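Before any comments, here is the structure.
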Amino acid sequence: MTSQPDQKHPGHITQFAPEVVLQITNNLGIQDILALSSSCRTFYHMLTQRPSLYTPLILSPYADKITSKTLFSILKRHSTHTSYIQNLDLSGCYHLSSESAIHLAKKYPHLTNLDISVNPRNGRLVPGRYREGVYKDWRKTIAFNSVNQEWRLSNHAMHMLTRCTLHTLSLAGHDLDSSTAHAISQMVHLTSLDISGCTWRLSQADLQTIARGLGKNLLELRILGFEPTDLTLLCLRQHCWKLKLLHLSGGKPMMMSKLTSIVHTMKSLQDIRVTQIRGGDVDSLVQNLNQDTQSLDLSAKMDMYPSRGRGMRIESALNLTLRGFDALSTLHHLQVLRLSNLSWISEDAVSNIIRNLPLLSKFELRMWPDIESSDLRTCDVVTTLVPDTVPNLTEITLVGVSISQSTALAWSKFKYLEQIELSDIGVEAGSGNGFIRTWLMDMVSLEALRVTKCGIQWQQVADIVRMRDSEADDTEDWVEHNIDELVGSMQYEDEVVIRKSRKGWEWRWS
């Protein structure tokens, strides 16, 4: 760190007025701000104690390094006597303890947004991990194998946190009980709650208590892993009618009709997610969605927040017919669409949907490998999934869906596409002349690629992608591999992850 700013260059950033520097830093990421603050004493004093620059403070990408000492050192360094960081993401930070949470609640009672979910929202991609749609970026999702790497909060810690003036609280995966549910129901400022996966001791009565207590203010509710009973659904309808976002798990086929009646009454609902659907009238649900719906996720995700004690579940077909497809094509504001295991599909139906959703940014279609739909396994059903039709696309996920070489090559023209996940996409795409190389060379925005069961000719990209040990962390310690030997030993079902790093493209292979 230098002691004085550069005096020899009048146009140097160190000569800018503080107001200009702060305006610039408002557009920088946390790592860039930290680098700038360490460049000289002037910037250190200017930038360090300004909490607004570090909000939201997302520490989940560094979950395995965040201890209680580290956390409070960071918070203290970037706080003043009158203000401190109020938006904090500690999801997956398993080194923290109940004592850490209690101290956090006592020291910073005016926190407004807190995520202390068991699993991280943001992290690094690890091969073999199923992407969780709730999380923002599958390329940044960590999954921990060892139970010792999960942190669980005590009831006392939970109660202390509920005394903060929180507007957003995520406790996904923690072991909550009825007393905690009652405490949550008394949080008068809370507008967003995520208790997905907290199914061990929470009952349907506890869900109803939360709905009654928070309903008048609640705008977002995530309860994945729970299969709401009729009474719980009734409570949601009566008390949570202001919801803009609702994420829950499906149940028996009759639940779909009851959920449809709830959706019909929630006039502000723009984001709905229903996982683990086991039959029922999906068409009516889609037909009753608000015309300004922005996100619809009807993918199975059976291993995401599974209901404990019920054992392994079998995925069921999604009963979406032509009537439902037609209703989807009228949701012109839709930005996120995720579907899986459709009982019926055709090229015309899928193309019509995509053609009528110009704002689409994330598209996911997963199908059973033994599907017998008319043309799914023999032709490209996503011919309209191209830049001319959906120019704002940032994420594509296709599993068990055939695509042609022409469609794959057209994707290289996407300006904003960041993530691609492909599995079992048919013979034509996998045996062609190297569309993945074209993606890696031409798509400036692409950040990560996951491929399996595609028969890709990996020799075509061996010279532009480096190999890294899948168990290595984010240091620069690369493991030497012979790329030719690696490519030659790859099997059809092997999963390959390619992601962008500071030094170029890197392999992750499971």
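Residues are named by chain letter and number: chains run A, B, ... in the order of the structure tokens, numbers start at 1 in each chain, and ligands are numbered from 1 in the order shown.
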
What are the DSSP alpha helix (DSSP H) residues of segment 100-343 of chain A, as JSON, numbers by chain?
-> {"A": [100, 101, 102, 103, 104, 105, 106, 107, 155, 156, 157, 158, 159, 160, 161, 178, 179, 180, 181, 182, 183, 184, 185, 204, 205, 206, 207, 208, 209, 210, 211, 212, 213, 214, 230, 231, 232, 233, 234, 235, 236, 237, 238, 239, 254, 255, 256, 257, 258, 259, 260, 261, 262, 263, 264, 265, 282, 283, 284, 285, 286, 287, 322, 323, 324, 325, 326, 327, 328]}

Output C-alpha atoms for every residue in that selection, as a short mmCIF file (atom, residue, chain, number, x, y, z; two decimals), in the first residue's frame.
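The resulting selection-v2.cif:
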```
data_model
loop_
_atom_site.label_atom_id
_atom_site.label_comp_id
_atom_site.auth_asym_id
_atom_site.auth_seq_id
_atom_site.Cartn_x
_atom_site.Cartn_y
_atom_site.Cartn_z
CA SER A 100 -21.79 -16.74 16.37
CA ALA A 101 -25.45 -16.23 15.51
CA ILE A 102 -26.29 -15.07 19.05
CA HIS A 103 -23.44 -12.57 19.04
CA LEU A 104 -24.51 -11.38 15.59
CA ALA A 105 -28.06 -10.73 16.82
CA LYS A 106 -26.83 -8.84 19.90
CA LYS A 107 -24.17 -6.80 18.13
CA ASN A 155 -33.21 -22.91 19.29
CA HIS A 156 -31.80 -20.12 21.45
CA ALA A 157 -29.81 -18.78 18.51
CA MET A 158 -32.89 -18.90 16.31
CA HIS A 159 -34.91 -16.98 18.87
CA MET A 160 -32.20 -14.32 19.18
CA LEU A 161 -32.14 -13.79 15.42
CA SER A 178 -42.62 -25.11 17.03
CA SER A 179 -41.25 -22.47 19.39
CA THR A 180 -39.05 -21.07 16.62
CA ALA A 181 -42.02 -21.07 14.24
CA HIS A 182 -43.98 -19.04 16.80
CA ALA A 183 -41.09 -16.59 17.18
CA ILE A 184 -40.88 -16.19 13.40
CA SER A 185 -44.61 -15.48 13.24
CA GLN A 204 -48.34 -28.28 9.23
CA ALA A 205 -49.74 -26.46 12.27
CA ASP A 206 -46.45 -24.55 12.54
CA LEU A 207 -46.73 -23.52 8.89
CA GLN A 208 -50.22 -22.28 9.58
CA THR A 209 -48.99 -20.29 12.60
CA ILE A 210 -46.38 -18.60 10.43
CA ALA A 211 -48.92 -17.87 7.69
CA ARG A 212 -51.35 -16.29 10.14
CA GLY A 213 -48.68 -14.22 11.85
CA LEU A 214 -46.83 -12.93 8.78
CA ASP A 230 -55.73 -28.59 2.75
CA LEU A 231 -55.79 -26.48 5.92
CA THR A 232 -52.31 -25.09 5.24
CA LEU A 233 -53.33 -24.17 1.70
CA LEU A 234 -56.44 -22.50 3.08
CA CYS A 235 -54.30 -20.44 5.48
CA LEU A 236 -52.09 -19.35 2.60
CA ARG A 237 -55.15 -18.31 0.65
CA GLN A 238 -56.70 -16.35 3.52
CA HIS A 239 -53.61 -14.69 5.01
CA MET A 254 -55.77 -33.39 -5.86
CA MET A 255 -53.38 -30.76 -4.51
CA MET A 256 -52.96 -29.23 -7.95
CA SER A 257 -56.61 -28.22 -8.15
CA LYS A 258 -56.46 -26.68 -4.67
CA LEU A 259 -53.24 -24.87 -5.52
CA THR A 260 -54.90 -23.55 -8.66
CA SER A 261 -57.65 -21.92 -6.60
CA ILE A 262 -55.02 -20.27 -4.39
CA VAL A 263 -53.03 -18.95 -7.33
CA HIS A 264 -56.22 -17.49 -8.77
CA THR A 265 -56.71 -15.34 -5.64
CA VAL A 282 -51.32 -28.81 -14.46
CA ASP A 283 -53.15 -27.16 -17.37
CA SER A 284 -55.60 -25.38 -15.06
CA LEU A 285 -52.76 -24.13 -12.86
CA VAL A 286 -51.02 -22.56 -15.85
CA GLN A 287 -54.27 -21.09 -17.14
CA LEU A 322 -51.68 -28.66 -25.62
CA ARG A 323 -54.15 -26.60 -23.58
CA GLY A 324 -51.44 -25.84 -21.04
CA PHE A 325 -48.87 -25.11 -23.75
CA ASP A 326 -51.25 -22.59 -25.30
CA ALA A 327 -51.73 -20.91 -21.90
CA LEU A 328 -47.95 -20.69 -21.42
#
```

Nearest candidate to Thr112 of chain A (options A:Cys198, A:Leu289, A:Met441, A:Leu88; using only C-alpha atoms) = A:Leu88

Atom CA of Gln335 of chain A and atom CA of Ser196 of chain A, how far apart in Å?
-> 23.1 Å

Exercise: Ala317 of chain A partners within 12 Å, only C-alpha atoms, chain neighbours under 2 positions left out, as a ChimeraX atom specification = /A:253,276-282,298-300,314-315,319-321,339-345,366-368,371
